[in-house]
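See below for my_file30.cif, which holds mmCIF, N, CA and C atoms.
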```cif
data_coords
#
loop_
_atom_site.group_PDB
_atom_site.id
_atom_site.type_symbol
_atom_site.label_atom_id
_atom_site.label_comp_id
_atom_site.auth_asym_id
_atom_site.auth_seq_id
_atom_site.Cartn_x
_atom_site.Cartn_y
_atom_site.Cartn_z
ATOM 1 N N MET A 8 -45.738 -13.493 -77.217
ATOM 2 C CA MET A 8 -45.617 -12.240 -76.502
ATOM 3 C C MET A 8 -45.193 -11.161 -77.495
ATOM 4 N N VAL A 9 -45.703 -9.962 -77.278
ATOM 5 C CA VAL A 9 -45.298 -8.807 -78.077
ATOM 6 C C VAL A 9 -44.688 -7.778 -77.130
ATOM 7 N N GLN A 10 -43.515 -7.304 -77.490
ATOM 8 C CA GLN A 10 -42.834 -6.283 -76.695
ATOM 9 C C GLN A 10 -42.811 -4.986 -77.501
ATOM 10 N N VAL A 11 -43.290 -3.918 -76.876
ATOM 11 C CA VAL A 11 -43.279 -2.583 -77.478
ATOM 12 C C VAL A 11 -42.185 -1.790 -76.779
ATOM 13 N N THR A 12 -41.251 -1.255 -77.558
ATOM 14 C CA THR A 12 -40.166 -0.459 -76.993
ATOM 15 C C THR A 12 -40.176 0.906 -77.669
ATOM 16 N N LEU A 13 -40.302 1.925 -76.854
ATOM 17 C CA LEU A 13 -40.314 3.300 -77.347
ATOM 18 C C LEU A 13 -39.113 4.031 -76.762
ATOM 19 N N THR A 14 -38.306 4.612 -77.636
ATOM 20 C CA THR A 14 -37.180 5.425 -77.201
ATOM 21 C C THR A 14 -37.485 6.867 -77.570
ATOM 22 N N ILE A 15 -37.464 7.721 -76.548
ATOM 23 C CA ILE A 15 -37.794 9.138 -76.733
ATOM 24 C C ILE A 15 -36.650 9.986 -76.193
ATOM 25 N N VAL A 16 -36.273 11.013 -76.941
ATOM 26 C CA VAL A 16 -35.333 12.011 -76.435
ATOM 27 C C VAL A 16 -36.156 13.242 -76.072
ATOM 28 N N ALA A 17 -36.115 13.601 -74.799
ATOM 29 C CA ALA A 17 -36.888 14.738 -74.303
ATOM 30 C C ALA A 17 -36.065 16.021 -74.382
ATOM 31 N N TYR A 18 -36.759 17.138 -74.521
ATOM 32 C CA TYR A 18 -36.082 18.417 -74.349
ATOM 33 C C TYR A 18 -35.677 18.497 -72.878
ATOM 34 N N PRO A 19 -34.459 18.939 -72.573
ATOM 35 C CA PRO A 19 -33.994 18.944 -71.174
ATOM 36 C C PRO A 19 -34.963 19.625 -70.207
ATOM 37 N N ARG A 20 -35.544 20.747 -70.612
ATOM 38 C CA ARG A 20 -36.459 21.462 -69.709
ATOM 39 C C ARG A 20 -37.808 20.772 -69.566
ATOM 40 N N ARG A 21 -38.106 19.818 -70.461
ATOM 41 C CA ARG A 21 -39.404 19.132 -70.434
ATOM 42 C C ARG A 21 -39.286 17.668 -70.033
ATOM 43 N N ARG A 22 -38.072 17.247 -69.655
ATOM 44 C CA ARG A 22 -37.835 15.843 -69.314
ATOM 45 C C ARG A 22 -38.742 15.377 -68.171
ATOM 46 N N ALA A 23 -38.783 16.121 -67.079
ATOM 47 C CA ALA A 23 -39.598 15.731 -65.919
ATOM 48 C C ALA A 23 -41.077 15.642 -66.298
ATOM 49 N N GLU A 24 -41.526 16.580 -67.105
ATOM 50 C CA GLU A 24 -42.923 16.588 -67.557
ATOM 51 C C GLU A 24 -43.224 15.348 -68.407
ATOM 52 N N MET A 25 -42.293 14.981 -69.284
ATOM 53 C CA MET A 25 -42.486 13.816 -70.136
ATOM 54 C C MET A 25 -42.500 12.528 -69.309
ATOM 55 N N ILE A 26 -41.598 12.431 -68.351
ATOM 56 C CA ILE A 26 -41.566 11.254 -67.482
ATOM 57 C C ILE A 26 -42.863 11.150 -66.688
ATOM 58 N N HIS A 27 -43.337 12.277 -66.171
ATOM 59 C CA HIS A 27 -44.597 12.291 -65.433
ATOM 60 C C HIS A 27 -45.755 11.828 -66.333
ATOM 61 N N ALA A 28 -45.786 12.291 -67.561
ATOM 62 C CA ALA A 28 -46.852 11.909 -68.489
ATOM 63 C C ALA A 28 -46.811 10.408 -68.779
ATOM 64 N N LEU A 29 -45.615 9.865 -68.974
ATOM 65 C CA LEU A 29 -45.495 8.429 -69.223
ATOM 66 C C LEU A 29 -45.897 7.625 -67.988
ATOM 67 N N ARG A 30 -45.493 8.082 -66.824
ATOM 68 C CA ARG A 30 -45.898 7.390 -65.581
ATOM 69 C C ARG A 30 -47.415 7.399 -65.413
ATOM 70 N N SER A 31 -48.048 8.489 -65.807
ATOM 71 C CA SER A 31 -49.505 8.572 -65.663
ATOM 72 C C SER A 31 -50.212 7.569 -66.579
ATOM 73 N N LEU A 32 -49.553 7.145 -67.656
ATOM 74 C CA LEU A 32 -50.111 6.108 -68.534
ATOM 75 C C LEU A 32 -49.937 4.718 -67.931
ATOM 76 N N MET A 33 -48.895 4.543 -67.149
ATOM 77 C CA MET A 33 -48.533 3.216 -66.666
ATOM 78 C C MET A 33 -49.513 2.651 -65.633
ATOM 79 N N LEU A 34 -49.994 3.459 -64.722
ATOM 80 C CA LEU A 34 -50.847 2.955 -63.647
ATOM 81 C C LEU A 34 -52.128 2.302 -64.177
ATOM 82 N N PRO A 35 -52.925 2.985 -64.999
ATOM 83 C CA PRO A 35 -54.129 2.313 -65.502
ATOM 84 C C PRO A 35 -53.809 1.152 -66.444
ATOM 85 N N LEU A 36 -52.675 1.213 -67.087
ATOM 86 C CA LEU A 36 -52.298 0.146 -68.015
ATOM 87 C C LEU A 36 -52.087 -1.178 -67.286
ATOM 88 N N GLN A 37 -51.666 -1.133 -66.037
ATOM 89 C CA GLN A 37 -51.422 -2.352 -65.271
ATOM 90 C C GLN A 37 -52.681 -3.196 -65.105
ATOM 91 N N ALA A 38 -53.854 -2.592 -65.249
ATOM 92 C CA ALA A 38 -55.116 -3.324 -65.138
ATOM 93 C C ALA A 38 -55.677 -3.734 -66.503
ATOM 94 N N ALA A 39 -54.990 -3.399 -67.582
ATOM 95 C CA ALA A 39 -55.486 -3.718 -68.923
ATOM 96 C C ALA A 39 -55.417 -5.224 -69.175
ATOM 97 N N PRO A 40 -56.439 -5.774 -69.831
ATOM 98 C CA PRO A 40 -56.393 -7.204 -70.153
ATOM 99 C C PRO A 40 -55.228 -7.510 -71.082
ATOM 100 N N GLY A 41 -54.458 -8.525 -70.745
ATOM 101 C CA GLY A 41 -53.372 -8.977 -71.605
ATOM 102 C C GLY A 41 -52.021 -8.340 -71.361
ATOM 103 N N ILE A 42 -51.936 -7.393 -70.436
ATOM 104 C CA ILE A 42 -50.638 -6.751 -70.176
ATOM 105 C C ILE A 42 -49.800 -7.668 -69.289
ATOM 106 N N ILE A 43 -48.537 -7.809 -69.631
ATOM 107 C CA ILE A 43 -47.592 -8.549 -68.786
ATOM 108 C C ILE A 43 -46.870 -7.569 -67.884
ATOM 109 N N SER A 44 -46.308 -6.522 -68.510
ATOM 110 C CA SER A 44 -45.597 -5.519 -67.731
ATOM 111 C C SER A 44 -45.475 -4.231 -68.525
ATOM 112 N N CYS A 45 -45.177 -3.173 -67.787
ATOM 113 C CA CYS A 45 -44.926 -1.863 -68.374
ATOM 114 C C CYS A 45 -43.846 -1.215 -67.522
ATOM 115 N N ARG A 46 -42.779 -0.740 -68.171
ATOM 116 C CA ARG A 46 -41.641 -0.177 -67.431
ATOM 117 C C ARG A 46 -41.146 1.095 -68.107
ATOM 118 N N LEU A 47 -40.461 1.898 -67.299
ATOM 119 C CA LEU A 47 -39.908 3.163 -67.763
ATOM 120 C C LEU A 47 -38.472 3.262 -67.281
ATOM 121 N N TYR A 48 -37.553 3.614 -68.197
ATOM 122 C CA TYR A 48 -36.131 3.710 -67.882
ATOM 123 C C TYR A 48 -35.564 5.016 -68.433
ATOM 124 N N GLN A 49 -34.406 5.412 -67.884
ATOM 125 C CA GLN A 49 -33.634 6.524 -68.433
ATOM 126 C C GLN A 49 -32.245 6.014 -68.786
ATOM 127 N N GLU A 50 -31.693 6.552 -69.855
ATOM 128 C CA GLU A 50 -30.327 6.218 -70.257
ATOM 129 C C GLU A 50 -29.362 6.682 -69.164
ATOM 130 N N ALA A 51 -28.427 5.831 -68.791
ATOM 131 C CA ALA A 51 -27.482 6.152 -67.717
ATOM 132 C C ALA A 51 -26.592 7.342 -68.077
ATOM 133 N N ASP A 52 -26.173 7.440 -69.335
ATOM 134 C CA ASP A 52 -25.254 8.495 -69.748
ATOM 135 C C ASP A 52 -25.933 9.703 -70.374
ATOM 136 N N ASP A 53 -27.261 9.630 -70.544
ATOM 137 C CA ASP A 53 -28.003 10.730 -71.159
ATOM 138 C C ASP A 53 -29.412 10.749 -70.572
ATOM 139 N N ALA A 54 -29.625 11.521 -69.533
ATOM 140 C CA ALA A 54 -30.900 11.532 -68.819
ATOM 141 C C ALA A 54 -32.073 11.985 -69.688
ATOM 142 N N ASP A 55 -31.793 12.610 -70.820
ATOM 143 C CA ASP A 55 -32.874 13.058 -71.703
ATOM 144 C C ASP A 55 -33.432 11.914 -72.560
ATOM 145 N N THR A 56 -32.732 10.784 -72.605
ATOM 146 C CA THR A 56 -33.197 9.634 -73.370
ATOM 147 C C THR A 56 -33.995 8.716 -72.450
ATOM 148 N N ILE A 57 -35.229 8.493 -72.833
ATOM 149 C CA ILE A 57 -36.190 7.744 -72.020
ATOM 150 C C ILE A 57 -36.638 6.513 -72.808
ATOM 151 N N PHE A 58 -36.747 5.405 -72.101
ATOM 152 C CA PHE A 58 -37.213 4.145 -72.694
ATOM 153 C C PHE A 58 -38.513 3.733 -72.007
ATOM 154 N N TYR A 59 -39.529 3.492 -72.792
ATOM 155 C CA TYR A 59 -40.840 3.055 -72.301
ATOM 156 C C TYR A 59 -41.092 1.682 -72.921
ATOM 157 N N VAL A 60 -41.354 0.684 -72.086
ATOM 158 C CA VAL A 60 -41.481 -0.699 -72.569
ATOM 159 C C VAL A 60 -42.785 -1.307 -72.067
ATOM 160 N N GLU A 61 -43.552 -1.891 -72.997
ATOM 161 C CA GLU A 61 -44.746 -2.659 -72.657
ATOM 162 C C GLU A 61 -44.555 -4.080 -73.161
ATOM 163 N N GLU A 62 -45.083 -5.047 -72.418
ATOM 164 C CA GLU A 62 -45.088 -6.439 -72.866
ATOM 165 C C GLU A 62 -46.519 -6.964 -72.791
ATOM 166 N N TRP A 63 -46.952 -7.605 -73.873
ATOM 167 C CA TRP A 63 -48.326 -8.090 -74.021
ATOM 168 C C TRP A 63 -48.322 -9.590 -74.290
ATOM 169 N N TYR A 64 -49.337 -10.290 -73.775
ATOM 170 C CA TYR A 64 -49.429 -11.737 -74.005
ATOM 171 C C TYR A 64 -49.648 -12.069 -75.471
ATOM 172 N N THR A 65 -50.546 -11.336 -76.136
ATOM 173 C CA THR A 65 -50.868 -11.664 -77.524
ATOM 174 C C THR A 65 -50.927 -10.393 -78.379
ATOM 175 N N PRO A 66 -50.779 -10.547 -79.691
ATOM 176 C CA PRO A 66 -50.946 -9.389 -80.581
ATOM 177 C C PRO A 66 -52.348 -8.783 -80.473
ATOM 178 N N GLU A 67 -53.364 -9.618 -80.230
ATOM 179 C CA GLU A 67 -54.730 -9.116 -80.101
ATOM 180 C C GLU A 67 -54.870 -8.211 -78.878
ATOM 181 N N ASP A 68 -54.191 -8.570 -77.784
ATOM 182 C CA ASP A 68 -54.212 -7.723 -76.590
ATOM 183 C C ASP A 68 -53.619 -6.348 -76.908
ATOM 184 N N LEU A 69 -52.490 -6.356 -77.610
ATOM 185 C CA LEU A 69 -51.853 -5.096 -77.991
ATOM 186 C C LEU A 69 -52.737 -4.307 -78.951
ATOM 187 N N ASP A 70 -53.315 -4.979 -79.933
ATOM 188 C CA ASP A 70 -54.174 -4.293 -80.912
ATOM 189 C C ASP A 70 -55.327 -3.568 -80.220
ATOM 190 N N ARG A 71 -55.935 -4.223 -79.246
ATOM 191 C CA ARG A 71 -57.035 -3.613 -78.502
ATOM 192 C C ARG A 71 -56.549 -2.333 -77.809
ATOM 193 N N GLN A 72 -55.359 -2.388 -77.260
ATOM 194 C CA GLN A 72 -54.812 -1.228 -76.555
ATOM 195 C C GLN A 72 -54.448 -0.106 -77.531
ATOM 196 N N ILE A 73 -53.931 -0.463 -78.708
ATOM 197 C CA ILE A 73 -53.554 0.544 -79.702
ATOM 198 C C ILE A 73 -54.775 1.362 -80.129
ATOM 199 N N ARG A 74 -55.956 0.748 -80.127
ATOM 200 C CA ARG A 74 -57.179 1.461 -80.515
ATOM 201 C C ARG A 74 -57.741 2.330 -79.390
ATOM 202 N N SER A 75 -57.133 2.288 -78.219
ATOM 203 C CA SER A 75 -57.664 2.976 -77.037
ATOM 204 C C SER A 75 -57.154 4.418 -76.931
ATOM 205 N N THR A 76 -57.746 5.156 -75.990
ATOM 206 C CA THR A 76 -57.285 6.518 -75.723
ATOM 207 C C THR A 76 -55.881 6.514 -75.128
ATOM 208 N N HIS A 77 -55.500 5.398 -74.512
ATOM 209 C CA HIS A 77 -54.138 5.261 -73.973
ATOM 210 C C HIS A 77 -53.122 5.555 -75.075
ATOM 211 N N TYR A 78 -53.304 4.948 -76.236
ATOM 212 C CA TYR A 78 -52.339 5.150 -77.309
ATOM 213 C C TYR A 78 -52.457 6.529 -77.937
ATOM 214 N N SER A 79 -53.617 7.124 -77.883
ATOM 215 C CA SER A 79 -53.727 8.511 -78.342
ATOM 216 C C SER A 79 -52.864 9.406 -77.467
ATOM 217 N N ARG A 80 -52.898 9.162 -76.165
ATOM 218 C CA ARG A 80 -52.065 9.942 -75.240
ATOM 219 C C ARG A 80 -50.584 9.638 -75.464
ATOM 220 N N LEU A 81 -50.261 8.380 -75.708
ATOM 221 C CA LEU A 81 -48.864 8.019 -75.960
ATOM 222 C C LEU A 81 -48.353 8.695 -77.235
ATOM 223 N N LEU A 82 -49.175 8.742 -78.261
ATOM 224 C CA LEU A 82 -48.787 9.416 -79.505
ATOM 225 C C LEU A 82 -48.545 10.908 -79.272
ATOM 226 N N SER A 83 -49.348 11.522 -78.419
ATOM 227 C CA SER A 83 -49.147 12.943 -78.095
ATOM 228 C C SER A 83 -47.802 13.158 -77.404
ATOM 229 N N ILE A 84 -47.460 12.247 -76.511
ATOM 230 C CA ILE A 84 -46.156 12.335 -75.836
ATOM 231 C C ILE A 84 -45.033 12.185 -76.855
ATOM 232 N N MET A 85 -45.188 11.256 -77.778
ATOM 233 C CA MET A 85 -44.167 11.043 -78.812
ATOM 234 C C MET A 85 -43.981 12.298 -79.666
ATOM 235 N N GLU A 86 -45.062 12.984 -79.963
ATOM 236 C CA GLU A 86 -44.984 14.196 -80.782
ATOM 237 C C GLU A 86 -44.242 15.324 -80.073
ATOM 238 N N ALA A 87 -44.162 15.262 -78.752
ATOM 239 C CA ALA A 87 -43.483 16.305 -77.983
ATOM 240 C C ALA A 87 -41.986 16.035 -77.813
ATOM 241 N N ALA A 88 -41.475 14.989 -78.423
ATOM 242 C CA ALA A 88 -40.067 14.623 -78.281
ATOM 243 C C ALA A 88 -39.158 15.617 -79.007
ATOM 244 N N ALA A 89 -37.939 15.708 -78.521
ATOM 245 C CA ALA A 89 -36.944 16.608 -79.122
ATOM 246 C C ALA A 89 -36.431 16.069 -80.457
ATOM 247 N N GLU A 90 -36.480 14.761 -80.625
ATOM 248 C CA GLU A 90 -36.040 14.082 -81.855
ATOM 249 C C GLU A 90 -37.116 13.081 -82.245
ATOM 250 N N PRO A 91 -37.113 12.639 -83.501
ATOM 251 C CA PRO A 91 -38.102 11.621 -83.872
ATOM 252 C C PRO A 91 -37.952 10.387 -82.970
ATOM 253 N N PRO A 92 -39.039 9.946 -82.349
ATOM 254 C CA PRO A 92 -38.945 8.788 -81.464
ATOM 255 C C PRO A 92 -38.747 7.503 -82.265
ATOM 256 N N GLU A 93 -38.221 6.501 -81.599
ATOM 257 C CA GLU A 93 -38.060 5.184 -82.216
ATOM 258 C C GLU A 93 -39.026 4.233 -81.535
ATOM 259 N N LEU A 94 -39.937 3.661 -82.309
ATOM 260 C CA LEU A 94 -40.917 2.712 -81.796
ATOM 261 C C LEU A 94 -40.647 1.354 -82.437
ATOM 262 N N ARG A 95 -40.493 0.338 -81.584
ATOM 263 C CA ARG A 95 -40.251 -1.021 -82.079
ATOM 264 C C ARG A 95 -41.281 -1.957 -81.476
ATOM 265 N N LEU A 96 -41.848 -2.813 -82.302
ATOM 266 C CA LEU A 96 -42.748 -3.858 -81.845
ATOM 267 C C LEU A 96 -42.092 -5.183 -82.171
ATOM 268 N N ASN A 97 -41.761 -5.940 -81.146
ATOM 269 C CA ASN A 97 -41.047 -7.208 -81.306
ATOM 270 C C ASN A 97 -41.966 -8.373 -80.954
ATOM 271 N N TRP A 98 -42.158 -9.282 -81.898
ATOM 272 C CA TRP A 98 -42.913 -10.494 -81.640
ATOM 273 C C TRP A 98 -41.922 -11.520 -81.104
ATOM 274 N N VAL A 99 -42.077 -11.873 -79.829
ATOM 275 C CA VAL A 99 -41.142 -12.770 -79.157
ATOM 276 C C VAL A 99 -41.738 -14.173 -79.166
ATOM 277 N N THR A 100 -41.019 -15.112 -79.770
ATOM 278 C CA THR A 100 -41.543 -16.474 -79.866
ATOM 279 C C THR A 100 -40.894 -17.430 -78.873
ATOM 280 N N ASP A 101 -39.776 -17.043 -78.284
ATOM 281 C CA ASP A 101 -39.098 -17.922 -77.340
ATOM 282 C C ASP A 101 -38.305 -17.076 -76.355
ATOM 283 N N VAL A 102 -38.340 -17.463 -75.096
ATOM 284 C CA VAL A 102 -37.590 -16.760 -74.057
ATOM 285 C C VAL A 102 -36.803 -17.801 -73.266
ATOM 286 N N LYS A 103 -35.535 -17.546 -73.079
ATOM 287 C CA LYS A 103 -34.681 -18.457 -72.320
ATOM 288 C C LYS A 103 -34.022 -17.685 -71.194
ATOM 289 N N GLY A 104 -33.592 -18.391 -70.177
ATOM 290 C CA GLY A 104 -32.980 -17.759 -69.026
ATOM 291 C C GLY A 104 -31.553 -18.222 -68.808
ATOM 292 N N LEU A 105 -31.149 -18.193 -67.549
ATOM 293 C CA LEU A 105 -29.779 -18.552 -67.184
ATOM 294 C C LEU A 105 -29.418 -19.985 -67.558
ATOM 295 N N GLU A 106 -30.395 -20.882 -67.583
ATOM 296 C CA GLU A 106 -30.103 -22.269 -67.945
ATOM 297 C C GLU A 106 -29.546 -22.367 -69.363
ATOM 298 N N TYR A 107 -29.989 -21.484 -70.262
ATOM 299 C CA TYR A 107 -29.457 -21.469 -71.624
ATOM 300 C C TYR A 107 -28.003 -21.017 -71.611
ATOM 301 N N LEU A 108 -27.715 -19.962 -70.871
ATOM 302 C CA LEU A 108 -26.344 -19.463 -70.756
ATOM 303 C C LEU A 108 -25.437 -20.562 -70.204
ATOM 304 N N GLU A 109 -25.902 -21.247 -69.185
ATOM 305 C CA GLU A 109 -25.110 -22.324 -68.591
ATOM 306 C C GLU A 109 -24.888 -23.454 -69.596
ATOM 307 N N ALA A 110 -25.926 -23.833 -70.333
ATOM 308 C CA ALA A 110 -25.790 -24.906 -71.314
ATOM 309 C C ALA A 110 -24.792 -24.538 -72.409
ATOM 310 N N VAL A 111 -24.822 -23.324 -72.891
ATOM 311 C CA VAL A 111 -23.881 -22.887 -73.934
ATOM 312 C C VAL A 111 -22.460 -22.873 -73.385
ATOM 313 N N ARG A 112 -22.297 -22.352 -72.197
ATOM 314 C CA ARG A 112 -20.937 -22.283 -71.623
ATOM 315 C C ARG A 112 -20.382 -23.657 -71.307
ATOM 316 N N MET A 113 -21.255 -24.619 -71.036
ATOM 317 C CA MET A 113 -20.824 -25.986 -70.735
ATOM 318 C C MET A 113 -20.723 -26.833 -72.012
ATOM 319 N N GLY A 114 -21.048 -26.234 -73.160
ATOM 320 C CA GLY A 114 -20.952 -26.954 -74.418
ATOM 321 C C GLY A 114 -22.116 -27.882 -74.692
ATOM 322 N N ASP A 115 -23.221 -27.710 -73.972
ATOM 323 C CA ASP A 115 -24.372 -28.576 -74.132
ATOM 324 C C ASP A 115 -25.567 -27.775 -74.622
ATOM 325 N N ARG A 116 -25.392 -27.071 -75.711
ATOM 326 C CA ARG A 116 -26.459 -26.217 -76.250
ATOM 327 C C ARG A 116 -27.459 -27.074 -76.997
ATOM 328 N N ARG A 117 -28.711 -27.048 -76.552
ATOM 329 C CA ARG A 117 -29.765 -27.848 -77.212
ATOM 330 C C ARG A 117 -30.807 -26.949 -77.794
#
```
Would you write out, as structure tokens, the structure that this file holds?
Amino acid sequence: MVQVTLTIVAYPRRRAEMIHALRSLMLPLQAAPGIISCRLYQEADDADTIFYVEEWYTPEDLDRQIRSTHYSRLLSIMEAAAEPPELRLNWVTDVKGLEYLEAVRMGDRR
């Protein structure tokens, strides 16, 4: 799985516009081949900080999307940020849930 995390600081007067633009990218993305999820968040203590997260099954799925007009639009949104945006691409090789937490707390970490 590949997780794309984009952190954007919006100009206060353009925050709603930026959120709307990101939301407009999300709907068609849900039908893209290889997408797991796409989410949008705001920082609790700073409403101008926006987090946009995509999760993809494979790097090839993400690569196909990066070559699309979707990413051209995303790059335009990034250019409109109040500060340089932070883009992270994380290759996730293992995911664990509550059972891992329970095993560690019980001293049975495998």
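What separates CA of Arg74 in chain A from CA of Gln37 in chain A is a distance of 16.7 Å.
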Residues picked by the PyMOL selection byres (((chain A and resi 94-110 and name CA) around 7) and name CA) here, as an mmCIF file with N, CA and C atoms, keeping the file's coordinate frame?
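As a result, part_25.cif now contains:
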```
data_model
loop_
_atom_site.group_PDB
_atom_site.id
_atom_site.type_symbol
_atom_site.label_atom_id
_atom_site.label_comp_id
_atom_site.auth_asym_id
_atom_site.auth_seq_id
_atom_site.Cartn_x
_atom_site.Cartn_y
_atom_site.Cartn_z
ATOM 1 N N MET A 8 -45.738 -13.493 -77.217
ATOM 2 C CA MET A 8 -45.617 -12.240 -76.502
ATOM 3 C C MET A 8 -45.193 -11.161 -77.495
ATOM 4 N N VAL A 9 -45.703 -9.962 -77.278
ATOM 5 C CA VAL A 9 -45.298 -8.807 -78.077
ATOM 6 C C VAL A 9 -44.688 -7.778 -77.130
ATOM 7 N N GLN A 10 -43.515 -7.304 -77.490
ATOM 8 C CA GLN A 10 -42.834 -6.283 -76.695
ATOM 9 C C GLN A 10 -42.811 -4.986 -77.501
ATOM 10 N N VAL A 11 -43.290 -3.918 -76.876
ATOM 11 C CA VAL A 11 -43.279 -2.583 -77.478
ATOM 12 C C VAL A 11 -42.185 -1.790 -76.779
ATOM 13 N N THR A 12 -41.251 -1.255 -77.558
ATOM 14 C CA THR A 12 -40.166 -0.459 -76.993
ATOM 15 C C THR A 12 -40.176 0.906 -77.669
ATOM 16 N N LEU A 13 -40.302 1.925 -76.854
ATOM 17 C CA LEU A 13 -40.314 3.300 -77.347
ATOM 18 C C LEU A 13 -39.113 4.031 -76.762
ATOM 19 N N THR A 14 -38.306 4.612 -77.636
ATOM 20 C CA THR A 14 -37.180 5.425 -77.201
ATOM 21 C C THR A 14 -37.485 6.867 -77.570
ATOM 22 N N PRO A 92 -39.039 9.946 -82.349
ATOM 23 C CA PRO A 92 -38.945 8.788 -81.464
ATOM 24 C C PRO A 92 -38.747 7.503 -82.265
ATOM 25 N N GLU A 93 -38.221 6.501 -81.599
ATOM 26 C CA GLU A 93 -38.060 5.184 -82.216
ATOM 27 C C GLU A 93 -39.026 4.233 -81.535
ATOM 28 N N VAL A 111 -24.822 -23.324 -72.891
ATOM 29 C CA VAL A 111 -23.881 -22.887 -73.934
ATOM 30 C C VAL A 111 -22.460 -22.873 -73.385
ATOM 31 N N ARG A 112 -22.297 -22.352 -72.197
ATOM 32 C CA ARG A 112 -20.937 -22.283 -71.623
ATOM 33 C C ARG A 112 -20.382 -23.657 -71.307
ATOM 34 N N MET A 113 -21.255 -24.619 -71.036
ATOM 35 C CA MET A 113 -20.824 -25.986 -70.735
ATOM 36 C C MET A 113 -20.723 -26.833 -72.012
ATOM 37 N N GLY A 114 -21.048 -26.234 -73.160
ATOM 38 C CA GLY A 114 -20.952 -26.954 -74.418
ATOM 39 C C GLY A 114 -22.116 -27.882 -74.692
ATOM 40 N N ASP A 115 -23.221 -27.710 -73.972
ATOM 41 C CA ASP A 115 -24.372 -28.576 -74.132
ATOM 42 C C ASP A 115 -25.567 -27.775 -74.622
ATOM 43 N N ARG A 116 -25.392 -27.071 -75.711
ATOM 44 C CA ARG A 116 -26.459 -26.217 -76.250
ATOM 45 C C ARG A 116 -27.459 -27.074 -76.997
#
```
Enumerate, in order of chain and increasing residue number, the residues of range 42-74 of chain A with an atom no farther than 8 Å from range 22-36 of chain A, each with its shortest atom pair and distance in Å to one decimal, counting all atoms listed in the file, as JSON lines.
```
{"residue": "A:Ile42", "atom": "CA", "partner": "A:Leu36", "partner_atom": "C", "distance": 6.4}
{"residue": "A:Ile43", "atom": "N", "partner": "A:Leu36", "partner_atom": "C", "distance": 7.9}
{"residue": "A:Ser44", "atom": "C", "partner": "A:Leu36", "partner_atom": "C", "distance": 7.4}
{"residue": "A:Cys45", "atom": "CA", "partner": "A:Met33", "partner_atom": "CA", "distance": 6.5}
{"residue": "A:Arg46", "atom": "N", "partner": "A:Met33", "partner_atom": "CA", "distance": 7.1}
{"residue": "A:Leu47", "atom": "CA", "partner": "A:Leu29", "partner_atom": "C", "distance": 7.5}
{"residue": "A:Ala54", "atom": "C", "partner": "A:Arg22", "partner_atom": "CA", "distance": 6.9}
{"residue": "A:Asp55", "atom": "CA", "partner": "A:Arg22", "partner_atom": "CA", "distance": 6.2}
{"residue": "A:Thr56", "atom": "N", "partner": "A:Arg22", "partner_atom": "CA", "distance": 7.9}
{"residue": "A:Ile57", "atom": "CA", "partner": "A:Ile26", "partner_atom": "CA", "distance": 7.9}
{"residue": "A:Tyr59", "atom": "CA", "partner": "A:Leu29", "partner_atom": "CA", "distance": 7.7}
```
Among the residues of chain A, find those DSSP assigns to strand (DSSP E or B) from the backbone and print them as an MDAnalysis selection string. chainID A and resid 9:16 42:49 56:63 93:98
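Atom pair CA of Ile15 in chain A / CA of Val60 in chain A has a distance of 11.3 Å (rounded to one decimal).
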Using DSSP on the backbone coordinates, identify the residues of chain A assigned to alpha helix (DSSP H); present them as a PyMOL selection string. chain A and resi 22-36+66-73+76-86+105-112
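For the pair CA of Ile84 in chain A and CA of Ala17 in chain A, the separation is 9.7 Å.
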